[in-house]
Structures are given as structure tokens and as C-alpha cells.
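Data block for run_26.cif (mmCIF, C-alpha atoms):
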data_upload
loop_
_atom_site.label_atom_id
_atom_site.label_comp_id
_atom_site.auth_asym_id
_atom_site.auth_seq_id
_atom_site.Cartn_x
_atom_site.Cartn_y
_atom_site.Cartn_z
CA MET A 1 149.46 157.73 64.78
CA LEU A 2 150.36 156.87 68.32
CA LYS A 3 147.40 158.91 69.55
CA LYS A 4 145.08 157.05 67.15
CA LYS A 5 146.37 153.71 68.47
CA LEU A 6 145.86 154.83 72.05
CA LEU A 7 142.35 156.10 71.24
CA LEU A 8 141.51 152.83 69.48
CA SER A 9 142.84 150.88 72.47
CA VAL A 10 140.74 152.93 74.87
CA VAL A 11 137.61 152.43 72.75
CA MET A 12 138.19 148.67 72.49
CA SER A 13 138.77 148.42 76.23
CA ALA A 14 135.55 150.32 76.88
CA LEU A 15 133.66 148.01 74.53
CA LEU A 16 135.10 144.95 76.25
CA VAL A 17 134.17 146.33 79.68
CA THR A 18 130.66 147.14 78.45
CA ALA A 19 130.34 143.69 76.93
CA ALA A 20 131.62 142.09 80.10
CA ALA A 21 129.21 144.16 82.14
CA GLY A 22 126.44 143.15 79.77
CA CYS A 23 127.35 139.54 80.19
CA GLY A 24 127.41 140.03 83.94
CA ASN A 25 123.92 141.54 83.91
CA SER A 26 122.65 138.79 81.68
CA GLU A 27 124.06 136.14 83.99
CA GLY A 28 122.62 137.96 86.96
CA LYS A 29 119.18 138.05 85.39
CA LYS A 30 119.47 134.35 84.58
CA THR A 31 120.32 133.55 88.20
CA GLU A 32 117.52 135.73 89.39
CA ALA A 33 115.18 134.02 86.94
CA GLU A 34 116.38 130.65 88.16
CA GLY A 35 115.86 131.79 91.70
CA SER A 36 112.40 132.95 90.78
CA GLY A 37 111.83 129.60 89.12
CA ASN A 38 112.88 127.76 92.27
CA GLN A 39 110.44 129.86 94.25
CA THR A 40 107.60 128.98 91.94
CA GLU A 41 108.60 125.29 92.17
CA LYS A 42 107.93 125.43 95.92
CA LYS A 43 104.21 125.21 95.47
CA SER A 44 101.90 125.64 98.40
CA TYR A 45 99.21 123.08 99.11
CA LYS A 46 95.97 122.98 101.01
CA ILE A 47 94.70 119.71 102.45
CA ALA A 48 91.54 118.93 104.41
CA ILE A 49 91.42 116.09 106.94
CA SER A 50 88.17 114.65 108.25
CA GLN A 51 88.52 112.34 111.28
CA ILE A 52 85.59 110.67 113.00
CA VAL A 53 86.92 110.81 116.56
CA GLU A 54 90.09 111.28 118.55
CA HIS A 55 91.82 108.13 119.77
CA PRO A 56 95.45 106.99 119.65
CA SER A 57 95.27 104.92 116.45
CA LEU A 58 93.48 107.56 114.40
CA ASP A 59 95.67 110.34 115.77
CA ALA A 60 98.78 108.30 114.95
CA THR A 61 97.43 107.76 111.43
CA ARG A 62 97.11 111.52 110.92
CA GLU A 63 100.59 112.13 112.34
CA GLY A 64 102.14 109.51 110.06
CA PHE A 65 100.35 110.99 107.04
CA LEU A 66 101.72 114.48 107.73
CA ALA A 67 105.20 113.05 108.39
CA ALA A 68 105.28 111.47 104.92
CA LEU A 69 104.34 114.82 103.38
CA LYS A 70 107.02 116.60 105.43
CA ASP A 71 109.66 114.10 104.33
CA ALA A 72 108.69 114.96 100.74
CA GLY A 73 109.10 118.70 101.34
CA ILE A 74 105.44 119.49 102.02
CA THR A 75 105.47 120.91 105.52
CA GLU A 76 102.60 122.22 107.59
CA GLY A 77 103.14 125.87 108.45
CA ASP A 78 105.53 126.33 105.52
CA ASN A 79 104.04 125.31 102.20
CA LEU A 80 101.14 123.26 103.55
CA LYS A 81 97.90 124.46 105.10
CA VAL A 82 95.91 121.74 106.87
CA ASP A 83 92.20 122.13 107.56
CA TYR A 84 91.70 119.43 110.25
CA LYS A 85 88.17 118.67 111.39
CA ASN A 86 87.06 116.10 114.00
CA ALA A 87 83.45 114.91 114.20
CA GLN A 88 83.76 113.79 117.85
CA ASN A 89 81.95 110.60 116.85
CA ASP A 90 78.78 112.54 115.99
CA GLN A 91 77.26 111.51 112.65
CA THR A 92 75.55 114.88 112.19
CA ASN A 93 78.90 116.61 112.64
CA ASN A 94 80.47 114.05 110.33
CA LEU A 95 78.05 114.89 107.49
CA SER A 96 78.36 118.63 108.10
CA ILE A 97 82.16 118.38 107.94
CA ALA A 98 81.99 116.51 104.63
CA GLN A 99 79.65 119.13 103.16
CA THR A 100 81.87 121.99 104.33
CA ILE A 101 85.01 120.38 102.90
CA ALA A 102 83.19 119.74 99.61
CA SER A 103 82.54 123.46 99.23
CA ASN A 104 86.17 124.42 99.91
CA LYS A 105 89.06 124.53 97.48
CA ASP A 106 91.54 121.90 98.63
CA ASP A 107 94.24 120.09 96.70
CA LEU A 108 93.44 116.80 98.45
CA VAL A 109 91.18 115.40 101.17
CA LEU A 110 92.13 112.71 103.69
CA ALA A 111 89.31 110.83 105.42
CA ILE A 112 90.34 108.90 108.55
CA ALA A 113 88.09 105.97 109.57
CA THR A 114 85.13 104.40 107.79
CA PRO A 115 82.32 106.84 108.75
CA SER A 116 84.41 109.83 107.69
CA ALA A 117 85.40 108.18 104.42
CA GLN A 118 81.80 107.24 103.61
CA ALA A 119 80.59 110.81 104.15
CA ILE A 120 83.49 112.40 102.23
CA VAL A 121 83.17 110.05 99.25
CA LYS A 122 79.46 110.81 98.93
CA GLN A 123 80.01 114.56 98.98
CA ILE A 124 83.21 115.02 96.96
CA LYS A 125 83.65 114.03 93.32
CA ASP A 126 85.87 116.82 91.98
CA LYS A 127 89.08 116.55 94.01
CA PRO A 128 91.45 113.74 95.10
CA VAL A 129 90.28 111.80 98.15
CA LEU A 130 92.39 109.32 100.13
CA PHE A 131 91.16 107.18 103.00
CA ALA A 132 92.92 105.58 105.96
CA ALA A 133 91.92 103.43 108.93
CA VAL A 134 89.15 101.81 106.89
CA THR A 135 88.68 98.09 107.49
CA ASP A 136 86.66 97.04 104.44
CA PRO A 137 86.44 99.75 101.74
CA LEU A 138 84.39 97.47 99.46
CA ASP A 139 81.72 96.57 102.01
CA ALA A 140 81.60 100.18 103.18
CA LYS A 141 80.99 101.18 99.52
CA ILE A 142 83.90 103.60 99.52
CA VAL A 143 85.33 101.99 96.36
CA THR A 144 83.99 99.29 94.07
CA ASN A 145 87.32 97.84 92.99
CA LEU A 146 90.49 97.52 95.06
CA ASP A 147 92.88 97.16 92.10
CA LYS A 148 91.34 99.96 90.01
CA PRO A 149 89.19 102.14 92.27
CA GLY A 150 88.34 104.59 89.47
CA GLY A 151 86.99 108.07 90.05
CA ASN A 152 88.77 110.30 92.56
CA VAL A 153 89.23 107.91 95.52
CA SER A 154 91.86 105.50 96.79
CA GLY A 155 93.64 104.73 100.06
CA VAL A 156 94.99 102.12 102.43
CA SER A 157 92.91 99.62 104.40
CA ASP A 158 93.96 99.09 108.00
CA THR A 159 93.09 95.45 108.07
CA ASN A 160 94.59 92.24 106.95
CA PRO A 161 92.06 89.40 107.06
CA GLU A 162 94.71 87.19 108.60
CA ALA A 163 95.17 89.44 111.65
CA VAL A 164 91.96 88.47 113.47
CA GLN A 165 92.43 84.79 112.57
CA LYS A 166 96.00 84.80 113.93
CA LEU A 167 94.94 86.54 117.15
CA MET A 168 92.08 84.10 117.78
CA ASP A 169 94.44 81.19 117.08
CA PHE A 170 96.83 82.67 119.67
CA VAL A 171 94.02 82.88 122.23
CA ALA A 172 92.93 79.30 121.62
CA LYS A 173 96.47 77.94 121.74
CA ASN A 174 97.69 79.77 124.84
CA PHE A 175 94.50 80.11 126.88
CA PRO A 176 92.93 76.62 126.93
CA ASN A 177 90.52 77.66 129.71
CA VAL A 178 88.93 80.33 127.51
CA LYS A 179 85.60 78.94 126.27
CA SER A 180 83.94 82.27 125.52
CA VAL A 181 85.28 85.65 124.34
CA GLY A 182 83.33 88.80 125.08
CA LEU A 183 83.09 91.53 122.45
CA VAL A 184 82.08 95.15 123.14
CA ILE A 185 80.73 96.40 119.85
CA ASN A 186 78.92 99.28 118.16
CA GLU A 187 76.92 97.34 115.57
CA GLY A 188 76.23 100.54 113.69
CA GLU A 189 79.87 100.68 112.61
CA GLN A 190 80.43 98.61 109.49
CA ASN A 191 84.09 97.81 110.08
CA ALA A 192 83.27 96.50 113.56
CA VAL A 193 80.57 94.23 112.15
CA VAL A 194 82.93 92.81 109.52
CA MET A 195 85.68 92.13 112.05
CA SER A 196 83.33 90.61 114.61
CA LYS A 197 82.14 88.15 111.97
CA ASN A 198 85.78 87.26 111.21
CA ALA A 199 86.43 86.73 114.92
CA GLU A 200 83.33 84.62 115.37
CA ASP A 201 84.28 82.40 112.42
CA ALA A 202 87.84 82.04 113.70
CA LEU A 203 86.77 81.21 117.27
CA SER A 204 84.19 78.67 116.11
CA LYS A 205 87.02 76.58 114.68
CA HIS A 206 88.27 76.22 118.24
CA ASN A 207 84.80 75.68 119.74
CA ILE A 208 84.97 79.05 121.49
CA LYS A 209 81.85 81.25 121.66
CA LEU A 210 81.73 84.98 120.91
CA VAL A 211 79.53 86.84 123.40
CA LYS A 212 78.52 90.37 122.33
CA ALA A 213 77.82 93.40 124.47
CA ALA A 214 76.41 96.14 122.23
CA VAL A 215 76.81 99.88 122.73
CA THR A 216 75.35 102.88 120.95
CA ASN A 217 77.46 105.52 122.69
CA THR A 218 80.97 105.73 124.13
CA SER A 219 79.50 106.38 127.59
CA GLU A 220 78.03 102.84 127.50
CA VAL A 221 81.37 101.09 126.96
CA LYS A 222 82.21 100.57 130.64
CA GLN A 223 78.78 99.16 131.45
CA ALA A 224 79.01 96.84 128.44
CA ALA A 225 82.43 95.60 129.57
CA GLN A 226 81.13 95.02 133.09
CA SER A 227 78.23 93.00 131.66
CA LEU A 228 80.77 90.55 130.25
CA VAL A 229 82.21 89.70 133.68
CA GLY A 230 81.06 86.17 134.48
CA ARG A 231 79.82 85.64 130.91
CA ALA A 232 83.17 85.71 129.10
CA ASP A 233 86.63 84.28 129.88
CA ALA A 234 88.39 86.95 127.82
CA ILE A 235 87.51 90.28 126.18
CA PHE A 236 88.23 91.33 122.60
CA ILE A 237 87.54 94.52 120.65
CA THR A 238 87.71 95.26 116.93
CA LEU A 239 88.80 98.48 115.20
CA ASP A 240 85.53 99.93 116.46
CA ASN A 241 86.02 103.71 116.78
CA MET A 242 83.27 104.22 119.36
CA VAL A 243 84.59 101.40 121.55
CA VAL A 244 88.29 102.26 121.12
CA SER A 245 87.61 105.86 122.16
CA GLY A 246 86.29 104.48 125.47
CA VAL A 247 88.85 101.70 125.86
CA ASP A 248 90.27 102.98 129.17
CA THR A 249 87.14 101.73 130.92
CA ILE A 250 87.53 98.25 129.38
CA ILE A 251 91.13 98.11 130.57
CA GLN A 252 89.91 99.03 134.05
CA VAL A 253 87.29 96.26 134.03
CA ALA A 254 89.79 93.71 132.67
CA ASN A 255 92.40 94.58 135.32
CA GLU A 256 89.96 94.62 138.23
CA ASN A 257 88.55 91.23 137.28
CA HIS A 258 91.74 89.60 135.94
CA ILE A 259 90.27 89.03 132.49
CA PRO A 260 92.69 88.77 129.53
CA PHE A 261 91.98 91.67 127.16
CA PHE A 262 92.83 91.43 123.43
CA SER A 263 92.54 94.28 120.94
CA SER A 264 92.90 94.83 117.22
CA ASP A 265 95.47 97.62 117.25
CA ARG A 266 98.89 98.26 118.69
CA ASP A 267 97.95 101.59 120.28
CA THR A 268 95.36 99.93 122.52
CA VAL A 269 97.95 97.35 123.59
CA GLU A 270 100.30 100.19 124.47
CA LYS A 271 97.50 101.65 126.60
CA GLY A 272 96.83 98.44 128.49
CA ALA A 273 95.35 95.60 126.45
CA PHE A 274 97.43 92.41 126.63
CA ALA A 275 97.92 91.44 122.99
CA THR A 276 97.09 91.98 119.35
CA VAL A 277 98.30 90.93 115.93
CA GLY A 278 98.89 94.17 114.12
CA PHE A 279 101.13 97.07 113.16
CA LYS A 280 101.85 100.70 114.01
CA TYR A 281 99.15 103.13 112.86
CA TYR A 282 101.83 105.79 112.39
CA ASP A 283 103.29 103.57 109.64
CA HIS A 284 99.80 103.09 108.21
CA GLY A 285 99.31 106.86 107.98
CA TYR A 286 102.78 107.26 106.49
CA GLN A 287 101.83 104.81 103.72
CA VAL A 288 98.77 106.93 102.86
CA GLY A 289 100.91 110.06 102.99
CA GLN A 290 103.21 108.61 100.35
CA MET A 291 100.17 108.20 98.10
CA ALA A 292 99.31 111.85 98.72
CA VAL A 293 102.80 112.88 97.65
CA ASP A 294 102.39 110.95 94.42
CA ILE A 295 99.15 112.80 93.75
CA LEU A 296 100.33 116.28 94.72
CA LYS A 297 103.86 116.23 93.31
CA ASN A 298 103.74 113.59 90.61
CA GLY A 299 100.24 114.21 89.27
CA LYS A 300 98.92 110.70 89.82
CA ASN A 301 95.19 110.09 89.67
CA PRO A 302 93.86 108.37 92.83
CA GLY A 303 91.42 106.36 90.74
CA ASP A 304 94.42 104.67 89.09
CA MET A 305 96.13 103.88 92.39
CA LYS A 306 95.54 100.42 93.88
CA VAL A 307 94.00 100.21 97.34
CA THR A 308 96.59 98.50 99.53
CA MET A 309 96.54 96.97 103.00
CA GLN A 310 98.98 96.34 105.81
CA GLU A 311 101.06 93.32 104.87
CA LYS A 312 103.55 93.19 107.74
CA LEU A 313 101.88 91.73 110.83
CA ASP A 314 103.38 90.74 114.14
CA LEU A 315 102.19 89.61 117.56
CA ILE A 316 102.44 92.48 120.05
CA LEU A 317 102.45 91.81 123.81
CA ASN A 318 102.22 94.15 126.81
CA LEU A 319 103.88 92.52 129.84
CA LYS A 320 102.60 95.10 132.35
CA ALA A 321 99.06 94.53 131.13
CA ALA A 322 99.61 90.79 131.47
CA ALA A 323 100.55 91.22 135.13
CA ALA A 324 97.52 93.45 135.76
CA GLN A 325 95.19 90.91 134.16
CA GLY A 326 96.65 87.88 135.91
CA ILE A 327 98.25 86.41 132.80
CA THR A 328 101.42 84.33 132.97
CA VAL A 329 103.43 85.16 129.86
CA THR A 330 105.27 82.03 128.75
CA ASP A 331 108.41 81.77 126.65
CA GLU A 332 106.26 80.09 124.01
CA MET A 333 104.11 83.23 123.78
CA LYS A 334 107.18 85.47 123.52
CA ASN A 335 108.70 83.24 120.85
CA GLU A 336 105.72 83.99 118.61
CA VAL A 337 106.76 87.66 118.49
CA GLN A 338 108.97 88.27 115.46
CA ASP A 339 110.38 91.67 116.47
CA LYS A 340 110.85 91.15 120.19
CA GLU A 341 112.64 94.45 120.74
CA LYS A 342 109.77 96.54 119.42
CA ASN A 343 106.75 94.34 119.99
CA ILE A 344 107.22 93.04 123.51
CA ILE A 345 106.21 96.06 125.56
CA GLN A 346 107.80 95.98 129.02
#
Final C-alpha cells representation of the file:
Amino acid sequence: MLKKKLLLSVVMSALLVTAAAGCGNSEGKKTEAEGSGNQTEKKSYKIAISQIVEHPSLDATREGFLAALKDAGITEGDNLKVDYKNAQNDQTNNLSIAQTIASNKDDLVLAIATPSAQAIVKQIKDKPVLFAAVTDPLDAKIVTNLDKPGGNVSGVSDTNPEAVQKLMDFVAKNFPNVKSVGLVINEGEQNAVVMSKNAEDALSKHNIKLVKAAVTNTSEVKQAAQSLVGRADAIFITLDNMVVSGVDTIIQVANENHIPFFSSDRDTVEKGAFATVGFKYYDHGYQVGQMAVDILKNGKNPGDMKVTMQEKLDLILNLKAAAAQGITVTDEMKNEVQDKEKNIIQ
């Protein structure tokens, strides 16, 4: 009897051990399955970026865009492959890039600047497209409705209609001797045309003339700036990609001739223009990147996403540029800057 009890005890113990082992295996498989599930959740993405030309604002836009993706766990070199193409301001290259990207399999396409966005939107209808650094997406025919773009396209405009008006008001208020403002412009670039019209309208309210010096190539920018010496009391440029990519020569002309130089973007002020009313293009790109995250991770349709613009504007001054251009920066000028720590560049 005792032997039977011992045998029964041994058998029961063995069954319990087997059951426990079975449970252990089952739990292990579950963990492994969960681990496998986590691996599949870390999806890889492929994004194409088309940029019209290299210059600080557009480069900062691209960097901000990728930073937003990284902050959301989509990191280049890890689970993100970026196909970056730059047209070097050549329209033939720009079209060829758009056609190449259209034939590739990407999860999303970012077009930086108006010419790139126009080419991409014409070529791509079957994958999400976002745009950045576009001044007037309606006039450029990139979208037909800002609130409900429809189709596969949305993005962020890099302009606020009030920015040019505020800057021209600043010029008129603080530079009473300025009776004419020179503008270096590529009139083949739609965003530049729109902004020049805004500037002309704003200056006319102060009885100040806008004097244009047209260019058709970046190599002509310096000569155009020099042509304004003696014809203009100040120089202004829009978000004109051809002109901005040659802005170093305008800074040189402005410094050599002590002409106040105003731009439309912070990056150009950091390089040597005196003032703008604007924002950081890195933040602009980051805003577009957040839209990309919503599309890639949350399944949003770009056509349902409202086109937004930069709302937060501030006066940005470069004091070194002021000294180089013979400008006396008054306390009144400085008091117009809201964020003095960030936007008064020493």
C-alpha cells in the first residue's frame, strides 16, 4: 500500500513538473510571439525628398522635417531610408527628379520649395505628397483648397501675408530717408512674384518705390545687386530660391556700399542681412514632419489635412550686419523684437 502511495506520489509529481514545464514553454512562446510582434511593429519606411536648390532655409527645412520623424521613432539609417535629390536650381533636373520619384515605391514624398512641389504634384497621384517652403500653394496650383486640399497632397506654407507688410512698415518707420527699396528678383519664380507684389503694395502706402533688378540665373545676382547702388536706398529680397542661393554677393554689395539689406527669412539674416519678420525654417520643416508622422503612423490621408502656415512671427535683427551696413540700431528697433534673446543676433 505504501509502495502504491509512493508510486502515485511520484506520478503526480511528474505530471505537475510536466505541466509546469508545459506552462513555461507556453509562456516562453507567448513572449517570443510578443517579441516578434514588437519587431513587426517597428515598420521600415522609405521617403523621397525633392529639393530645388541648396541654401540655408531649404536645408534647415529638410533637417527639421527629419528631426520630427526621428522624435516619432522614424530614424534615418535605422527604420527610415531617405532618397534625397537636389535639382541644383535646374528645371530640367527638377522635372527628371519628379519623374524618377514617381516611378519608385515610396511611402511618402516631401517636396521642398515651389518649383519642386509643382513638378512632384504633376507627376505623382498615387502616394502621399507633402510640401514645404511654398509661399502660395493656391497660386502655384499645388492645391485648390487650403482647408480641404483633396487628393494626395497637403503641406505647410512658409509665408504669412502679414510678414512682408510688417517688415515694410518697419522700414518706413525706422528709415525715414529710404524713398526707394531695391529688389533682386527671379520673375520666373511664382512665390517671388507674389511676395514682390505684396511688398510693392505695402511700400506704396508709405510713398516708397520698389525698384526691381531681374535675374535669370544665380550668377547674375551680384551684378543685379550692384545695379541697385545709387538707384535704391535699401535692398530687399523675397523667398526667391535663385536669389537666396546667391545671397552672399548681395550681402557683400550692401556692406561695401552701406545699404540696409532686408530679407524674408531668418537664415539670410543670420548670414548677414540686417532684418526680417519671420521664423526659423527648422521649425517650419518640423511642422511638416509632424504631418508626415500622422500619415505614416496614424494612417491619415493628406487630402484631408488642412494646409497650414507659420503663425508665430517676430522681428529678427542682426547687429553685426547693422554695423557693416552703417545702420544705427535704436532701442526703439530692439523693443519691437518680442523674443530678444533669440531674435537679436549679436
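The interatomic distance for the pair atom CA of A:Lys148 and atom CA of A:Val307 works out to 7.8 Å.
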Report the closest atom pair, with its distance in Å rounded to one decimal, for each residue of stretch 90-131 of chain A that has an atom no farther than 10 Å from stretch 180-195 of chain A; count all atoms listed in the file, sort by chain and then rising residue number, and write it as CSV.
residue,atom,partner,partner_atom,distance
A:Ala113,CA,A:Asn191,CA,9.1
A:Thr114,CA,A:Asn191,CA,7.1
A:Pro115,CA,A:Glu189,CA,7.7
Q.
Which residues are close to A:Ile295, i.e. within 10 Å by all atoms listed in the file, leaving aside same-chain residues fewer than 5 positions away? Reply as a list in words.
A.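 Residues near the query, excluding close chain neighbours: Asp107, Leu108, Pro128, Val129, Leu130, Gly289, Gln290, Lys300, Asn301, Pro302 and Met305 of chain A.
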Q. Can you list, as a PyMOL selection string, the residues that the PyMOL selection byres ((chain A and resi 43-47) around 7) selects here?
A. chain A and resi 40-42+48-49+79-83+106-109
Show me as a PDB file with C-alpha atoms, keeping the file's coordinate frame the residues that reach within 12 Å of (83.4, 101.0, 102.3), counting only C-alpha atoms and using the file's own coordinates.
ATOM      1  CA  ALA A 111      89.310 110.830 105.420  1.00  0.00           C
ATOM      2  CA  ALA A 113      88.090 105.970 109.570  1.00  0.00           C
ATOM      3  CA  THR A 114      85.130 104.400 107.790  1.00  0.00           C
ATOM      4  CA  PRO A 115      82.320 106.840 108.750  1.00  0.00           C
ATOM      5  CA  SER A 116      84.410 109.830 107.690  1.00  0.00           C
ATOM      6  CA  ALA A 117      85.400 108.180 104.420  1.00  0.00           C
ATOM      7  CA  GLN A 118      81.800 107.240 103.610  1.00  0.00           C
ATOM      8  CA  ALA A 119      80.590 110.810 104.150  1.00  0.00           C
ATOM      9  CA  ILE A 120      83.490 112.400 102.230  1.00  0.00           C
ATOM     10  CA  VAL A 121      83.170 110.050  99.250  1.00  0.00           C
ATOM     11  CA  LYS A 122      79.460 110.810  98.930  1.00  0.00           C
ATOM     12  CA  PHE A 131      91.160 107.180 103.000  1.00  0.00           C
ATOM     13  CA  ALA A 132      92.920 105.580 105.960  1.00  0.00           C
ATOM     14  CA  ALA A 133      91.920 103.430 108.930  1.00  0.00           C
ATOM     15  CA  VAL A 134      89.150 101.810 106.890  1.00  0.00           C
ATOM     16  CA  THR A 135      88.680  98.090 107.490  1.00  0.00           C
ATOM     17  CA  ASP A 136      86.660  97.040 104.440  1.00  0.00           C
ATOM     18  CA  PRO A 137      86.440  99.750 101.740  1.00  0.00           C
ATOM     19  CA  LEU A 138      84.390  97.470  99.460  1.00  0.00           C
ATOM     20  CA  ASP A 139      81.720  96.570 102.010  1.00  0.00           C
ATOM     21  CA  ALA A 140      81.600 100.180 103.180  1.00  0.00           C
ATOM     22  CA  LYS A 141      80.990 101.180  99.520  1.00  0.00           C
ATOM     23  CA  ILE A 142      83.900 103.600  99.520  1.00  0.00           C
ATOM     24  CA  VAL A 143      85.330 101.990  96.360  1.00  0.00           C
ATOM     25  CA  THR A 144      83.990  99.290  94.070  1.00  0.00           C
ATOM     26  CA  ASN A 145      87.320  97.840  92.990  1.00  0.00           C
ATOM     27  CA  LEU A 146      90.490  97.520  95.060  1.00  0.00           C
ATOM     28  CA  PRO A 149      89.190 102.140  92.270  1.00  0.00           C
ATOM     29  CA  VAL A 153      89.230 107.910  95.520  1.00  0.00           C
ATOM     30  CA  SER A 154      91.860 105.500  96.790  1.00  0.00           C
ATOM     31  CA  GLY A 155      93.640 104.730 100.060  1.00  0.00           C
ATOM     32  CA  VAL A 156      94.990 102.120 102.430  1.00  0.00           C
ATOM     33  CA  SER A 157      92.910  99.620 104.400  1.00  0.00           C
ATOM     34  CA  GLU A 189      79.870 100.680 112.610  1.00  0.00           C
ATOM     35  CA  GLN A 190      80.430  98.610 109.490  1.00  0.00           C
ATOM     36  CA  ASN A 191      84.090  97.810 110.080  1.00  0.00           C
ATOM     37  CA  VAL A 194      82.930  92.810 109.520  1.00  0.00           C
ATOM     38  CA  VAL A 307      94.000 100.210  97.340  1.00  0.00           C
TER      39      VAL A 307
END
Expected file for stretch 274-302 of chain A keeping N, CA and C atoms, as a PDB file, in the first residue's frame:
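Contents of the output file part.pdb:
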ATOM      1  N   PHE A 274      20.265  92.547 -42.534  1.00  0.00           N
ATOM      2  CA  PHE A 274      20.041  93.245 -41.266  1.00  0.00           C
ATOM      3  C   PHE A 274      18.798  92.764 -40.537  1.00  0.00           C
ATOM      4  N   ALA A 275      17.670  92.629 -41.251  1.00  0.00           N
ATOM      5  CA  ALA A 275      16.426  92.342 -40.534  1.00  0.00           C
ATOM      6  C   ALA A 275      15.424  91.595 -41.394  1.00  0.00           C
ATOM      7  N   THR A 276      14.522  90.906 -40.714  1.00  0.00           N
ATOM      8  CA  THR A 276      13.361  90.298 -41.360  1.00  0.00           C
ATOM      9  C   THR A 276      12.250  90.195 -40.333  1.00  0.00           C
ATOM     10  N   VAL A 277      11.069  89.879 -40.792  1.00  0.00           N
ATOM     11  CA  VAL A 277       9.979  89.457 -39.915  1.00  0.00           C
ATOM     12  C   VAL A 277       9.699  88.016 -40.310  1.00  0.00           C
ATOM     13  N   GLY A 278      10.014  87.094 -39.429  1.00  0.00           N
ATOM     14  CA  GLY A 278       9.902  85.703 -39.850  1.00  0.00           C
ATOM     15  C   GLY A 278       9.960  84.706 -38.729  1.00  0.00           C
ATOM     16  N   PHE A 279      10.576  83.543 -39.044  1.00  0.00           N
ATOM     17  CA  PHE A 279      10.584  82.395 -38.132  1.00  0.00           C
ATOM     18  C   PHE A 279      11.772  81.524 -38.507  1.00  0.00           C
ATOM     19  N   LYS A 280      11.962  80.423 -37.783  1.00  0.00           N
ATOM     20  CA  LYS A 280      13.051  79.510 -38.074  1.00  0.00           C
ATOM     21  C   LYS A 280      12.566  78.430 -39.049  1.00  0.00           C
ATOM     22  N   TYR A 281      13.283  78.255 -40.137  1.00  0.00           N
ATOM     23  CA  TYR A 281      12.867  77.246 -41.124  1.00  0.00           C
ATOM     24  C   TYR A 281      12.982  75.826 -40.573  1.00  0.00           C
ATOM     25  N   TYR A 282      13.841  75.624 -39.598  1.00  0.00           N
ATOM     26  CA  TYR A 282      13.915  74.318 -38.936  1.00  0.00           C
ATOM     27  C   TYR A 282      12.546  73.985 -38.328  1.00  0.00           C
ATOM     28  N   ASP A 283      11.944  74.980 -37.658  1.00  0.00           N
ATOM     29  CA  ASP A 283      10.620  74.770 -37.055  1.00  0.00           C
ATOM     30  C   ASP A 283       9.569  74.523 -38.131  1.00  0.00           C
ATOM     31  N   HIS A 284       9.712  75.222 -39.251  1.00  0.00           N
ATOM     32  CA  HIS A 284       8.793  75.035 -40.378  1.00  0.00           C
ATOM     33  C   HIS A 284       8.865  73.588 -40.875  1.00  0.00           C
ATOM     34  N   GLY A 285      10.094  73.081 -41.064  1.00  0.00           N
ATOM     35  CA  GLY A 285      10.248  71.698 -41.503  1.00  0.00           C
ATOM     36  C   GLY A 285       9.723  70.713 -40.482  1.00  0.00           C
ATOM     37  N   TYR A 286       9.929  71.041 -39.205  1.00  0.00           N
ATOM     38  CA  TYR A 286       9.451  70.157 -38.131  1.00  0.00           C
ATOM     39  C   TYR A 286       7.926  70.037 -38.190  1.00  0.00           C
ATOM     40  N   GLN A 287       7.265  71.156 -38.477  1.00  0.00           N
ATOM     41  CA  GLN A 287       5.797  71.156 -38.572  1.00  0.00           C
ATOM     42  C   GLN A 287       5.335  70.231 -39.694  1.00  0.00           C
ATOM     43  N   VAL A 288       6.024  70.246 -40.828  1.00  0.00           N
ATOM     44  CA  VAL A 288       5.685  69.347 -41.938  1.00  0.00           C
ATOM     45  C   VAL A 288       5.989  67.895 -41.547  1.00  0.00           C
ATOM     46  N   GLY A 289       7.085  67.702 -40.815  1.00  0.00           N
ATOM     47  CA  GLY A 289       7.439  66.358 -40.375  1.00  0.00           C
ATOM     48  C   GLY A 289       6.370  65.743 -39.487  1.00  0.00           C
ATOM     49  N   GLN A 290       5.741  66.580 -38.650  1.00  0.00           N
ATOM     50  CA  GLN A 290       4.668  66.074 -37.804  1.00  0.00           C
ATOM     51  C   GLN A 290       3.472  65.608 -38.641  1.00  0.00           C
ATOM     52  N   MET A 291       3.236  66.285 -39.767  1.00  0.00           N
ATOM     53  CA  MET A 291       2.180  65.830 -40.675  1.00  0.00           C
ATOM     54  C   MET A 291       2.561  64.468 -41.269  1.00  0.00           C
ATOM     55  N   ALA A 292       3.837  64.318 -41.605  1.00  0.00           N
ATOM     56  CA  ALA A 292       4.304  63.047 -42.172  1.00  0.00           C
ATOM     57  C   ALA A 292       4.107  61.901 -41.177  1.00  0.00           C
ATOM     58  N   VAL A 293       4.368  62.174 -39.906  1.00  0.00           N
ATOM     59  CA  VAL A 293       4.169  61.152 -38.882  1.00  0.00           C
ATOM     60  C   VAL A 293       2.707  60.736 -38.817  1.00  0.00           C
ATOM     61  N   ASP A 294       1.827  61.712 -38.901  1.00  0.00           N
ATOM     62  CA  ASP A 294       0.393  61.405 -38.887  1.00  0.00           C
ATOM     63  C   ASP A 294      -0.009  60.524 -40.068  1.00  0.00           C
ATOM     64  N   ILE A 295       0.617  60.742 -41.190  1.00  0.00           N
ATOM     65  CA  ILE A 295       0.309  59.938 -42.381  1.00  0.00           C
ATOM     66  C   ILE A 295       0.899  58.529 -42.247  1.00  0.00           C
ATOM     67  N   LEU A 296       2.167  58.459 -41.858  1.00  0.00           N
ATOM     68  CA  LEU A 296       2.863  57.175 -41.845  1.00  0.00           C
ATOM     69  C   LEU A 296       2.420  56.286 -40.679  1.00  0.00           C
ATOM     70  N   LYS A 297       2.236  56.874 -39.500  1.00  0.00           N
ATOM     71  CA  LYS A 297       1.946  56.052 -38.326  1.00  0.00           C
ATOM     72  C   LYS A 297       0.472  56.018 -37.969  1.00  0.00           C
ATOM     73  N   ASN A 298      -0.247  57.075 -38.323  1.00  0.00           N
ATOM     74  CA  ASN A 298      -1.653  57.136 -37.927  1.00  0.00           C
ATOM     75  C   ASN A 298      -2.613  56.985 -39.095  1.00  0.00           C
ATOM     76  N   GLY A 299      -2.069  56.772 -40.293  1.00  0.00           N
ATOM     77  CA  GLY A 299      -2.910  56.470 -41.456  1.00  0.00           C
ATOM     78  C   GLY A 299      -3.734  57.620 -41.995  1.00  0.00           C
ATOM     79  N   LYS A 300      -3.354  58.851 -41.660  1.00  0.00           N
ATOM     80  CA  LYS A 300      -4.149  59.987 -42.153  1.00  0.00           C
ATOM     81  C   LYS A 300      -3.944  60.192 -43.649  1.00  0.00           C
ATOM     82  N   ASN A 301      -4.974  60.698 -44.283  1.00  0.00           N
ATOM     83  CA  ASN A 301      -4.926  60.991 -45.717  1.00  0.00           C
ATOM     84  C   ASN A 301      -4.536  62.454 -45.919  1.00  0.00           C
ATOM     85  N   PRO A 302      -3.448  62.740 -46.648  1.00  0.00           N
ATOM     86  CA  PRO A 302      -3.032  64.144 -46.803  1.00  0.00           C
ATOM     87  C   PRO A 302      -4.127  65.042 -47.369  1.00  0.00           C
TER      88      PRO A 302
END
